[in-house]
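Chemist: Take a look at this one; I'll ask things after.
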Amino acid sequence: MSSSICAENGSGSKQVKKNAILVDGVSLNGPILDSKAGERFVEEAFPIIMEEAIRKATDVSEKVCEWQTPEELKQCLDLDLREDGEPPQQILKRCKDVIKYSVKTAHPRFFNQLYAGMDHYSLVARFITEAINPSVYTFEVSPTFVMIEEVVLKKIIEYVGWEEGGDGIFSPGGSVSNIYAVNLARYKNCPSIKDEGLYGMPRLVMFTSEECHYSIRKAAAFLGIGTKNVYVVPADERGKMIPEELEKQVQRAVKEGAVPFIVCATAGTTVLGAFDPLEKIADICQKHGLWFHVDASWGGGALMSKKHCHLLNGIQRADSVAWNPHKMLMAGLQCCAFLVKDKTGLFEKCHSSQASYLFQQDKCYDVSYDTGDKSIQCSRRADAFKFWLMWKAVGARGLEERVNRALALARYLAEEIKNKEGFRLILEPEYANVCFWYIPPSLRDMSDGPEFWKKLHQVAPVIKERMMKKGSMMVGYQPHGDKVNFFRQIIISPQVSLEDMDFVLQEIEALGKDL
């Protein structure tokens, strides 16, 4: 298998490598990856990242987005993949182009989603995990991150209020956390389902508010429960589940011969930012022996605030909780904790497969730290690290300050809306969601009849299009229930100031006054 082969050196001339080892015509001598060239590329890329994706992306004088249509974007980015690679300088240009045409979610005037801003400590943590490339399933291959995840989960559980502790895992999104909750609740109700499947199972029914996240219905579809077996409970005018209506729905399911098994409450709804009455819902769950899950993916951040944690009164009675620190607390996408009160190993019983190539029981350390078998995943990111490093840097007081400031800015904006001509607040904000209409001059003398609402429905989409093409800011809009399109501003980033709140109203007025 030994032979002499020719290879080009850096100058283009050919060198002869003696005694090359060939297998199937492929030389196995030495690495084929040029690490030095790779390091040079990383060193040249970092200044671009620093300038374009960090400094400029958080500069209020820069654009939030450089809007292009899908067809235009295809041309700007040259997306096609080819047989031969490109030189490093061309790849660096590709990096700059991708940053240029991406939405700057860390920009102080990005108010579009339930995440925003940039925490630099969390960002560095992401750089580290991307470089180390760990998978958090065993202590063997991810010792530091397994330990960090354990500490972070324990601390979050303290804030939830489970005095006797609990269990948990970081999941790839709040939606997956909600799926976990439904699956665990079903397993506890029908443990034979893990081995025997759906065959012979009773008709299971779950309950949630009409304001819940859509992932609850997806969980029912994904797990074979069926969306028709998700009984939707009416909400009041503020978007909170009505406990009396929940009781009626539970009794309905029982009369139908179905088996109620879980109630999914919400702490911080996506649109209105509403918090369900958790204590009263917990009473009903306790009465009927139902698993009580709280989706606090958005509202869980309020637990960090002594001033606002009352919004989640009753969460300590939950059987499971979803909480996304990447939202209000800015830990960076994605960072999602799923917590369960159970300490009997329900996680493992429900999900474990005991893969012998990963979870050997005769390892040289305490294998209880091999936590991966609790997860439905195999490979799993070290998402807890960015939250841990950020918490280490700013402390619980710093996180509390962020929550308090965001909610104070929401109150300021709501008051400004109420006092500004042409704007109408939909409801007083309970959290960081501020929902309002902008009414252009042409509609201000109309009465609130069908024609008025029809015309007003068309206003927000046009203003949104204009603001994106201008790149001045991003604010979301949507219809909701019987309400026509309205703006929903989400306030998170500590880089945001009252001047930015004033700018939002001024910019919406400037973009829509001719409508």
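In the structure tokens, the first chain shown is A, the next is B, and so on; residue numbers restart at 1 for each chain, and ligands run from 1 in the order shown.
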For range 264-280 of chain A, work out the shell of residues within 6 Å, counting only C-alpha atoms and skipping chain neighbours fewer than 4 positions away, then give it as a ChimeraX atom specification.
Modeler: /A:208,239-241,293-296,298-299,314,431,433
Chemist: Skipping near chain neighbours, those fewer than 2 positions away, what residues fall within 12 Å of Asp482 in chain A using only C-alpha atoms, listed as a list in words?
Modeler: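 These residues fall inside the cut-off: Glu237, Pro450, Trp453, Lys454, His457, Gln478, Pro479, His480, Val484, Asn485 and Phe486 of chain A.
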Chemist: Using only C-alpha atoms, can you tell me which of A:Leu123, A:Ile284, A:Val259, A:Leu389 comes closest to Ile242 in chain A?
Modeler: A:Ile284
Chemist: Just the residues within 7 Å of range 461-475 of chain A, please, counting only C-alpha atoms, with nothing from its chain fewer than 6 positions along; format it as JSON, numbers by chain.
Modeler: {"A": [63, 64, 65, 66, 67, 109, 110, 111, 112, 487, 488, 489, 508, 511, 512]}
Chemist: Export all heavy atoms of the chosen residues as a CSV table (one decimal), in the first residue's frame?
Modeler:
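File produced: part-v2.csv:
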```
chain,number,residue,atom,x,y,z
A,63,LYS,N,-29.6,50.9,10.6
A,63,LYS,CA,-30.9,50.3,10.2
A,63,LYS,C,-31.1,49.0,11.0
A,63,LYS,O,-30.2,48.3,11.3
A,63,LYS,CB,-30.9,50.0,8.7
A,63,LYS,CG,-31.1,51.2,7.8
A,63,LYS,CD,-31.2,50.7,6.4
A,63,LYS,CE,-31.5,51.9,5.4
A,63,LYS,NZ,-31.7,51.4,4.0
A,64,VAL,N,-32.4,48.7,11.3
A,64,VAL,CA,-32.7,47.4,11.9
A,64,VAL,C,-32.6,46.3,10.8
A,64,VAL,O,-32.2,45.2,11.1
A,64,VAL,CB,-34.2,47.5,12.5
A,64,VAL,CG1,-34.6,46.1,13.0
A,64,VAL,CG2,-34.2,48.5,13.5
A,65,CYS,N,-33.0,46.6,9.6
A,65,CYS,CA,-32.9,45.6,8.5
A,65,CYS,C,-32.7,46.3,7.2
A,65,CYS,O,-33.0,47.5,7.0
A,65,CYS,CB,-34.2,44.8,8.5
A,65,CYS,SG,-35.7,45.7,8.1
A,66,GLU,N,-32.0,45.6,6.3
A,66,GLU,CA,-31.8,46.1,4.9
A,66,GLU,C,-32.7,45.2,4.1
A,66,GLU,O,-32.3,44.2,3.5
A,66,GLU,CB,-30.3,45.8,4.6
A,66,GLU,CG,-29.9,46.5,3.3
A,66,GLU,CD,-29.7,48.0,3.4
A,66,GLU,OE1,-29.2,48.5,4.4
A,66,GLU,OE2,-30.2,48.7,2.5
A,67,TRP,N,-33.9,45.7,3.9
A,67,TRP,CA,-35.0,44.9,3.4
A,67,TRP,C,-34.8,44.5,1.9
A,67,TRP,O,-34.4,45.4,1.1
A,67,TRP,CB,-36.3,45.5,3.5
A,67,TRP,CG,-37.5,44.8,2.9
A,67,TRP,CD1,-38.1,45.1,1.7
A,67,TRP,CD2,-38.0,43.5,3.3
A,67,TRP,NE1,-39.1,44.1,1.4
A,67,TRP,CE2,-39.0,43.2,2.4
A,67,TRP,CE3,-37.8,42.7,4.4
A,67,TRP,CZ2,-39.8,42.0,2.5
A,67,TRP,CZ3,-38.5,41.5,4.5
A,67,TRP,CH2,-39.5,41.2,3.6
A,109,ARG,N,-34.3,49.2,18.4
A,109,ARG,CA,-35.6,49.4,17.9
A,109,ARG,C,-36.2,48.2,17.2
A,109,ARG,O,-37.0,48.3,16.3
A,109,ARG,CB,-35.6,50.7,17.0
A,109,ARG,CG,-35.4,51.9,17.8
A,109,ARG,CD,-35.2,53.2,17.0
A,109,ARG,NE,-35.0,54.3,17.9
A,109,ARG,CZ,-34.6,55.5,17.5
A,109,ARG,NH1,-34.3,55.8,16.3
A,109,ARG,NH2,-34.4,56.5,18.4
A,110,PHE,N,-35.7,47.0,17.6
A,110,PHE,CA,-36.3,45.8,17.2
A,110,PHE,C,-37.3,45.4,18.3
A,110,PHE,O,-36.9,45.0,19.4
A,110,PHE,CB,-35.3,44.7,17.0
A,110,PHE,CG,-35.8,43.3,16.7
A,110,PHE,CD1,-36.2,43.0,15.4
A,110,PHE,CD2,-36.0,42.4,17.7
A,110,PHE,CE1,-36.7,41.8,15.1
A,110,PHE,CE2,-36.5,41.1,17.4
A,110,PHE,CZ,-36.9,40.8,16.1
A,111,PHE,N,-38.6,45.5,18.1
A,111,PHE,CA,-39.6,45.2,19.1
A,111,PHE,C,-40.6,44.1,18.5
A,111,PHE,O,-41.7,44.0,19.0
A,111,PHE,CB,-40.4,46.4,19.4
A,111,PHE,CG,-39.6,47.6,19.8
A,111,PHE,CD1,-39.4,48.7,19.0
A,111,PHE,CD2,-39.0,47.7,21.1
A,111,PHE,CE1,-38.7,49.8,19.4
A,111,PHE,CE2,-38.2,48.7,21.5
A,111,PHE,CZ,-38.1,49.8,20.6
A,112,ASN,N,-40.1,43.3,17.6
A,112,ASN,CA,-41.0,42.5,16.8
A,112,ASN,C,-41.4,41.1,17.4
A,112,ASN,O,-42.4,40.6,17.2
A,112,ASN,CB,-40.3,42.2,15.5
A,112,ASN,CG,-41.3,42.0,14.3
A,112,ASN,OD1,-42.0,42.9,13.9
A,112,ASN,ND2,-41.4,40.7,13.9
A,487,PHE,N,-51.0,46.9,16.5
A,487,PHE,CA,-49.6,46.7,16.8
A,487,PHE,C,-49.4,46.1,18.1
A,487,PHE,O,-50.1,46.4,19.1
A,487,PHE,CB,-48.9,48.1,16.7
A,487,PHE,CG,-48.8,48.7,15.3
A,487,PHE,CD1,-49.6,49.7,15.0
A,487,PHE,CD2,-47.9,48.1,14.4
A,487,PHE,CE1,-49.5,50.3,13.7
A,487,PHE,CE2,-47.8,48.7,13.1
A,487,PHE,CZ,-48.6,49.7,12.8
A,488,ARG,N,-48.4,45.2,18.2
A,488,ARG,CA,-48.0,44.6,19.5
A,488,ARG,C,-46.5,44.9,19.7
A,488,ARG,O,-45.6,44.3,19.0
A,488,ARG,CB,-48.2,43.1,19.5
A,488,ARG,CG,-47.8,42.4,20.8
A,488,ARG,CD,-47.5,40.9,20.5
A,488,ARG,NE,-46.3,40.7,19.7
A,488,ARG,CZ,-45.7,39.6,19.5
A,488,ARG,NH1,-46.1,38.5,20.2
A,488,ARG,NH2,-44.6,39.5,18.7
A,489,GLN,N,-46.2,45.8,20.6
A,489,GLN,CA,-44.8,46.1,20.8
A,489,GLN,C,-44.3,45.3,22.0
A,489,GLN,O,-45.0,45.3,23.1
A,489,GLN,CB,-44.7,47.6,21.1
A,489,GLN,CG,-43.3,48.0,21.6
A,489,GLN,CD,-42.8,49.3,21.0
A,489,GLN,OE1,-43.4,49.8,20.1
A,489,GLN,NE2,-41.7,49.8,21.6
A,508,ILE,N,-44.4,55.7,13.6
A,508,ILE,CA,-45.7,55.1,13.1
A,508,ILE,C,-46.6,56.2,12.6
A,508,ILE,O,-47.2,56.1,11.5
A,508,ILE,CB,-46.4,54.3,14.3
A,508,ILE,CG1,-45.7,53.0,14.5
A,508,ILE,CG2,-47.9,54.1,13.9
A,508,ILE,CD1,-46.2,52.2,15.7
A,511,LEU,N,-45.2,57.4,9.2
A,511,LEU,CA,-45.3,56.4,8.2
A,511,LEU,C,-46.8,56.2,7.8
A,511,LEU,O,-47.1,55.7,6.7
A,511,LEU,CB,-44.7,55.0,8.6
A,511,LEU,CG,-43.2,55.0,8.8
A,511,LEU,CD1,-42.8,53.7,9.5
A,511,LEU,CD2,-42.5,55.2,7.5
A,512,GLY,N,-47.7,56.6,8.6
A,512,GLY,CA,-49.1,56.2,8.4
A,512,GLY,C,-50.1,57.4,8.3
A,512,GLY,O,-51.3,57.2,8.1
```
Chemist: Here is a test: counting only C-alpha atoms, which residue of A:Ala235, A:Val141, A:Val124, A:Val103 is nearest to Ser379 in chain A?
Modeler: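 The shortest atom-to-atom distance to Ser379 in chain A comes from A:Val141.
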Chemist: Between CA of Phe359 in chain A and CA of Phe139 in chain A, measure the distance and give it in Å to one decimal.
Modeler: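 Those two atoms sit 10.1 Å apart.
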Chemist: Using backbone DSSP assignments, extract all strand (DSSP E) residues from range 303-506 of chain A; output them as a ChimeraX atom specification.
Modeler: /A:320-323,336-340,423-425,433-438,474-480,483-490
Chemist: Store the residues picked out above in a file with N, CA and C atoms, as a JSON list (two decimals), in the first residue's frame.
Modeler:
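Output (out01.json):
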```json
[["chain", "number", "residue", "atom", "x", "y", "z"],
["A", 320, "SER", "N", -45.26, 20.84, 36.23],
["A", 320, "SER", "CA", -44.18, 21.10, 35.27],
["A", 320, "SER", "C", -44.26, 22.55, 34.82],
["A", 321, "VAL", "N", -43.12, 23.07, 34.40],
["A", 321, "VAL", "CA", -43.01, 24.47, 33.99],
["A", 321, "VAL", "C", -42.07, 24.58, 32.80],
["A", 322, "ALA", "N", -42.47, 25.37, 31.82],
["A", 322, "ALA", "CA", -41.58, 25.76, 30.72],
["A", 322, "ALA", "C", -41.18, 27.21, 30.93],
["A", 323, "TRP", "N", -39.86, 27.48, 30.81],
["A", 323, "TRP", "CA", -39.37, 28.84, 31.03],
["A", 323, "TRP", "C", -38.20, 29.07, 30.09],
["A", 336, "CYS", "N", -33.85, 27.28, 26.88],
["A", 336, "CYS", "CA", -35.20, 26.91, 27.30],
["A", 336, "CYS", "C", -35.14, 25.81, 28.36],
["A", 337, "ALA", "N", -35.64, 26.12, 29.53],
["A", 337, "ALA", "CA", -35.63, 25.14, 30.62],
["A", 337, "ALA", "C", -37.00, 24.49, 30.74],
["A", 338, "PHE", "N", -37.00, 23.17, 30.89],
["A", 338, "PHE", "CA", -38.23, 22.44, 31.21],
["A", 338, "PHE", "C", -38.04, 21.80, 32.57],
["A", 339, "LEU", "N", -38.96, 22.07, 33.48],
["A", 339, "LEU", "CA", -38.82, 21.66, 34.87],
["A", 339, "LEU", "C", -39.99, 20.78, 35.28],
["A", 340, "VAL", "N", -39.72, 19.78, 36.12],
["A", 340, "VAL", "CA", -40.79, 18.96, 36.68],
["A", 340, "VAL", "C", -40.59, 18.84, 38.19],
["A", 423, "PHE", "N", -53.85, 57.50, 18.52],
["A", 423, "PHE", "CA", -53.46, 56.20, 19.06],
["A", 423, "PHE", "C", -54.50, 55.74, 20.07],
["A", 424, "ARG", "N", -54.75, 54.44, 20.08],
["A", 424, "ARG", "CA", -55.73, 53.87, 21.01],
["A", 424, "ARG", "C", -55.16, 52.60, 21.64],
["A", 425, "LEU", "N", -55.01, 52.62, 22.95],
["A", 425, "LEU", "CA", -54.51, 51.47, 23.70],
["A", 425, "LEU", "C", -55.60, 50.41, 23.79],
["A", 433, "ASN", "N", -45.92, 43.43, 26.90],
["A", 433, "ASN", "CA", -46.66, 43.51, 25.63],
["A", 433, "ASN", "C", -47.52, 44.76, 25.67],
["A", 434, "VAL", "N", -47.32, 45.67, 24.71],
["A", 434, "VAL", "CA", -48.14, 46.88, 24.61],
["A", 434, "VAL", "C", -48.89, 46.82, 23.29],
["A", 435, "CYS", "N", -50.21, 46.70, 23.36],
["A", 435, "CYS", "CA", -51.05, 46.49, 22.17],
["A", 435, "CYS", "C", -51.88, 47.74, 21.90],
["A", 436, "PHE", "N", -51.83, 48.21, 20.65],
["A", 436, "PHE", "CA", -52.51, 49.49, 20.35],
["A", 436, "PHE", "C", -52.82, 49.60, 18.86],
["A", 437, "TRP", "N", -53.75, 50.47, 18.57],
["A", 437, "TRP", "CA", -54.07, 50.85, 17.18],
["A", 437, "TRP", "C", -53.50, 52.23, 16.90],
["A", 438, "TYR", "N", -53.07, 52.42, 15.65],
["A", 438, "TYR", "CA", -52.84, 53.77, 15.14],
["A", 438, "TYR", "C", -53.98, 54.09, 14.19],
["A", 474, "MET", "N", -38.72, 47.68, 13.85],
["A", 474, "MET", "CA", -39.62, 46.57, 13.59],
["A", 474, "MET", "C", -40.54, 46.38, 14.77],
["A", 475, "VAL", "N", -41.84, 46.48, 14.50],
["A", 475, "VAL", "CA", -42.89, 46.27, 15.50],
["A", 475, "VAL", "C", -43.89, 45.30, 14.88],
["A", 476, "GLY", "N", -44.33, 44.32, 15.62],
["A", 476, "GLY", "CA", -45.25, 43.32, 15.08],
["A", 476, "GLY", "C", -46.69, 43.81, 15.05],
["A", 477, "TYR", "N", -47.50, 43.14, 14.23],
["A", 477, "TYR", "CA", -48.94, 43.40, 14.21],
["A", 477, "TYR", "C", -49.66, 42.09, 13.97],
["A", 478, "GLN", "N", -50.94, 42.07, 14.29],
["A", 478, "GLN", "CA", -51.77, 40.89, 14.07],
["A", 478, "GLN", "C", -53.23, 41.24, 14.38],
["A", 479, "PRO", "N", -54.16, 40.48, 13.78],
["A", 479, "PRO", "CA", -55.53, 40.51, 14.29],
["A", 479, "PRO", "C", -55.60, 39.57, 15.48],
["A", 480, "HIS", "N", -56.61, 39.72, 16.30],
["A", 480, "HIS", "CA", -56.70, 38.83, 17.46],
["A", 480, "HIS", "C", -58.15, 38.76, 17.92],
["A", 483, "LYS", "N", -60.74, 41.50, 17.22],
["A", 483, "LYS", "CA", -60.04, 42.77, 17.01],
["A", 483, "LYS", "C", -59.30, 42.75, 15.68],
["A", 484, "VAL", "N", -59.44, 43.83, 14.91],
["A", 484, "VAL", "CA", -58.73, 43.95, 13.64],
["A", 484, "VAL", "C", -57.25, 44.21, 13.92],
["A", 485, "ASN", "N", -56.44, 44.17, 12.87],
["A", 485, "ASN", "CA", -54.99, 44.31, 13.00],
["A", 485, "ASN", "C", -54.59, 45.44, 13.95],
["A", 486, "PHE", "N", -53.73, 45.11, 14.89],
["A", 486, "PHE", "CA", -53.19, 46.14, 15.79],
["A", 486, "PHE", "C", -51.71, 45.86, 16.01],
["A", 487, "PHE", "N", -51.00, 46.88, 16.48],
["A", 487, "PHE", "CA", -49.57, 46.73, 16.76],
["A", 487, "PHE", "C", -49.38, 46.08, 18.14],
["A", 488, "ARG", "N", -48.39, 45.22, 18.21],
["A", 488, "ARG", "CA", -47.98, 44.62, 19.48],
["A", 488, "ARG", "C", -46.50, 44.89, 19.66],
["A", 489, "GLN", "N", -46.20, 45.80, 20.57],
["A", 489, "GLN", "CA", -44.81, 46.14, 20.84],
["A", 489, "GLN", "C", -44.32, 45.34, 22.04],
["A", 490, "ILE", "N", -43.16, 44.71, 21.88],
["A", 490, "ILE", "CA", -42.55, 43.92, 22.94],
["A", 490, "ILE", "C", -41.30, 44.65, 23.42]]
```
Chemist: Could you check the closest approach to Gly398 in chain A for each of A:Lys455, A:Pro494, A:Ala414, A:Ala432 and tell me which residue wins, using only C-alpha atoms?
Modeler: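 Counting only C-alpha atoms, the residue closest to Gly398 in chain A is A:Pro494.
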Chemist: Need the shell around Asp502 in chain A: protein/DNA/RNA residues with any atom at most 12 Å away, counting only C-alpha atoms. Skip same-chain ones fewer than 2 positions apart. Format as a list in words?
Modeler: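 Contacts, in chain order: Arg109, Leu409, Ala410, Tyr412, Leu413, Ala414, Glu415, Glu416, Ile417, Lys420, Val496, Ser497, Leu498, Glu499, Asp500, Val504, Leu505, Gln506, Glu507, Ile508 and Glu509 of chain A.
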Chemist: Would you compute the distance between CA of Phe452 in chain A and CA of Gly481 in chain A? Give it in Å to one decimal.
Modeler: 17.1 Å
Chemist: Can you list, as a ChimeraX atom specification, every protein, DNA or RNA residue that comes within 10 Å of range 184-192 of chain A when you count only C-alpha atoms, leaving out same-chain residues fewer than 2 positions away?
Modeler: /A:178-182,194-198,201-202,204-206,223,225,259-263,289-293,319-320,340,346-347,349-351
Chemist: Save out the residues we just selected, N, CA and C atoms, as a CSV table (one decimal), in the first residue's frame.
Modeler:
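Below is the file that was written, result02.csv:
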```csv
chain,number,residue,atom,x,y,z
A,178,ASN,N,-43.2,22.1,26.1
A,178,ASN,CA,-44.7,21.8,26.2
A,178,ASN,C,-45.0,20.4,25.7
A,179,ILE,N,-44.3,19.9,24.7
A,179,ILE,CA,-44.5,18.6,24.3
A,179,ILE,C,-44.0,17.6,25.4
A,180,TYR,N,-42.9,17.9,26.0
A,180,TYR,CA,-42.4,17.1,27.1
A,180,TYR,C,-43.5,17.0,28.2
A,181,ALA,N,-44.1,18.2,28.5
A,181,ALA,CA,-45.1,18.2,29.6
A,181,ALA,C,-46.2,17.3,29.3
A,182,VAL,N,-46.7,17.4,28.1
A,182,VAL,CA,-47.9,16.5,27.7
A,182,VAL,C,-47.5,15.0,27.7
A,194,LYS,N,-45.7,3.5,26.9
A,194,LYS,CA,-44.3,3.5,26.4
A,194,LYS,C,-44.0,2.3,25.6
A,195,ASP,N,-44.5,1.1,26.1
A,195,ASP,CA,-44.3,-0.1,25.5
A,195,ASP,C,-45.4,-0.6,24.5
A,196,GLU,N,-46.6,-0.3,24.9
A,196,GLU,CA,-47.7,-0.8,24.1
A,196,GLU,C,-48.3,0.1,23.1
A,197,GLY,N,-47.9,1.4,23.2
A,197,GLY,CA,-48.4,2.4,22.2
A,197,GLY,C,-49.8,2.8,22.5
A,198,LEU,N,-50.4,3.4,21.5
A,198,LEU,CA,-51.7,4.0,21.6
A,198,LEU,C,-52.8,2.9,21.6
A,201,MET,N,-55.6,2.4,24.4
A,201,MET,CA,-55.6,3.5,25.4
A,201,MET,C,-56.9,4.1,25.4
A,202,PRO,N,-57.3,4.7,26.5
A,202,PRO,CA,-58.6,5.4,26.6
A,202,PRO,C,-58.5,6.7,25.8
A,204,LEU,N,-57.9,10.2,25.8
A,204,LEU,CA,-57.4,11.2,26.7
A,204,LEU,C,-57.8,12.6,26.2
A,205,VAL,N,-58.0,13.5,27.2
A,205,VAL,CA,-58.4,14.9,26.9
A,205,VAL,C,-57.5,15.8,27.7
A,206,MET,N,-57.1,16.9,27.0
A,206,MET,CA,-56.3,17.9,27.7
A,206,MET,C,-57.0,19.3,27.5
A,223,LEU,N,-48.2,13.8,19.4
A,223,LEU,CA,-48.2,12.6,20.3
A,223,LEU,C,-49.4,11.7,20.1
A,225,ILE,N,-52.6,12.3,20.4
A,225,ILE,CA,-53.7,12.5,21.2
A,225,ILE,C,-54.9,13.1,20.4
A,259,VAL,N,-60.9,10.6,29.4
A,259,VAL,CA,-60.0,10.6,30.6
A,259,VAL,C,-59.3,12.0,30.6
A,260,PRO,N,-59.7,12.9,31.4
A,260,PRO,CA,-58.9,14.2,31.5
A,260,PRO,C,-57.5,13.9,32.1
A,261,PHE,N,-56.5,14.5,31.6
A,261,PHE,CA,-55.2,14.2,32.2
A,261,PHE,C,-54.2,15.4,32.4
A,262,ILE,N,-54.4,16.5,31.7
A,262,ILE,CA,-53.5,17.6,31.9
A,262,ILE,C,-54.2,18.9,31.6
A,263,VAL,N,-53.9,20.0,32.4
A,263,VAL,CA,-54.3,21.3,32.1
A,263,VAL,C,-53.0,22.1,31.8
A,289,GLY,N,-57.4,15.6,40.0
A,289,GLY,CA,-56.2,14.7,39.8
A,289,GLY,C,-55.6,14.9,38.5
A,290,LEU,N,-55.5,16.1,38.0
A,290,LEU,CA,-54.9,16.4,36.7
A,290,LEU,C,-53.5,17.0,36.8
A,291,TRP,N,-52.7,16.7,35.9
A,291,TRP,CA,-51.3,17.2,35.8
A,291,TRP,C,-51.5,18.7,35.5
A,292,PHE,N,-50.7,19.6,36.2
A,292,PHE,CA,-50.8,21.0,36.1
A,292,PHE,C,-49.5,21.5,35.5
A,293,HIS,N,-49.6,21.9,34.2
A,293,HIS,CA,-48.4,22.5,33.5
A,293,HIS,C,-48.6,24.0,33.3
A,319,ASP,N,-47.0,21.0,38.3
A,319,ASP,CA,-46.3,19.7,38.1
A,319,ASP,C,-45.1,19.9,37.2
A,320,SER,N,-45.3,20.8,36.2
A,320,SER,CA,-44.2,21.1,35.3
A,320,SER,C,-44.3,22.5,34.8
A,340,VAL,N,-39.7,19.8,36.1
A,340,VAL,CA,-40.8,19.0,36.7
A,340,VAL,C,-40.6,18.8,38.2
A,346,LEU,N,-39.3,10.1,37.0
A,346,LEU,CA,-40.3,10.0,35.9
A,346,LEU,C,-39.7,10.3,34.5
A,347,PHE,N,-38.8,11.3,34.5
A,347,PHE,CA,-38.2,11.7,33.2
A,347,PHE,C,-37.5,10.4,32.6
A,349,LYS,N,-37.9,7.2,33.3
A,349,LYS,CA,-38.9,6.1,33.1
A,349,LYS,C,-39.6,6.4,31.7
A,350,CYS,N,-40.0,7.6,31.5
A,350,CYS,CA,-40.7,7.9,30.3
A,350,CYS,C,-39.9,7.9,29.0
A,351,HIS,N,-38.7,8.4,29.1
A,351,HIS,CA,-37.9,8.6,27.9
A,351,HIS,C,-36.7,7.7,27.7
```
Chemist: With DSSP run on the backbone, what are the helix (DSSP H, G or I) residues within range 172-271 of chain A? I'd like them as JSON, numbers by chain.
Modeler: {"A": [174, 175, 176, 177, 178, 179, 180, 181, 182, 183, 184, 185, 186, 187, 188, 189, 193, 194, 195, 196, 215, 216, 217, 218, 219, 220, 221, 222, 227, 228, 229, 243, 244, 245, 246, 247, 248, 249, 250, 251, 252, 253, 254, 255]}
Chemist: Next, the residues of the selection above should be written as a compact mmCIF listing (two decimals), in the first residue's frame with C-alpha atoms.
Modeler:
```txt
# COMPACT_ATOMS: atom_id res chain seq x y z
CA GLY A 174 -40.56 26.24 24.57
CA SER A 175 -42.63 24.25 22.11
CA VAL A 176 -40.59 21.13 22.85
CA SER A 177 -40.90 21.85 26.58
CA ASN A 178 -44.67 21.84 26.19
CA ILE A 179 -44.48 18.56 24.29
CA TYR A 180 -42.37 17.15 27.12
CA ALA A 181 -45.06 18.20 29.62
CA VAL A 182 -47.88 16.51 27.72
CA ASN A 183 -45.84 13.35 27.20
CA LEU A 184 -44.85 13.06 30.86
CA ALA A 185 -48.41 13.71 32.02
CA ARG A 186 -49.71 11.04 29.66
CA TYR A 187 -47.04 8.55 30.77
CA LYS A 188 -47.88 9.12 34.41
CA ASN A 189 -51.55 8.51 33.62
CA ILE A 193 -48.14 3.52 26.59
CA LYS A 194 -44.33 3.54 26.36
CA ASP A 195 -44.25 -0.15 25.45
CA GLU A 196 -47.72 -0.84 24.09
CA SER A 215 -47.51 24.36 20.41
CA ILE A 216 -50.09 22.88 22.80
CA ARG A 217 -52.24 21.79 19.86
CA LYS A 218 -49.12 20.65 18.03
CA ALA A 219 -48.22 18.50 21.03
CA ALA A 220 -51.61 16.81 20.82
CA ALA A 221 -51.15 16.15 17.12
CA PHE A 222 -47.52 15.03 17.45
CA THR A 227 -56.30 18.14 18.29
CA LYS A 228 -60.02 17.41 18.73
CA ASN A 229 -59.15 16.17 22.21
CA PRO A 243 -61.41 28.88 35.88
CA GLU A 244 -65.18 28.32 35.98
CA GLU A 245 -65.13 27.49 32.27
CA LEU A 246 -62.25 25.08 32.85
CA GLU A 247 -64.32 23.26 35.47
CA LYS A 248 -67.17 22.95 32.97
CA GLN A 249 -64.88 21.52 30.31
CA VAL A 250 -63.43 18.95 32.70
CA GLN A 251 -66.91 17.82 33.71
CA ARG A 252 -67.90 17.65 30.04
CA ALA A 253 -64.98 15.32 29.26
CA VAL A 254 -65.84 13.06 32.19
CA LYS A 255 -69.50 12.84 31.10
```
Chemist: Considering only C-alpha atoms, state which residue in the set A:Gln458, A:Lys74, A:Pro143, A:Glu164 is at the smallest distance from Asp366 in chain A.
Modeler: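 With only C-alpha atoms as the atom set, the closest residue is A:Pro143.
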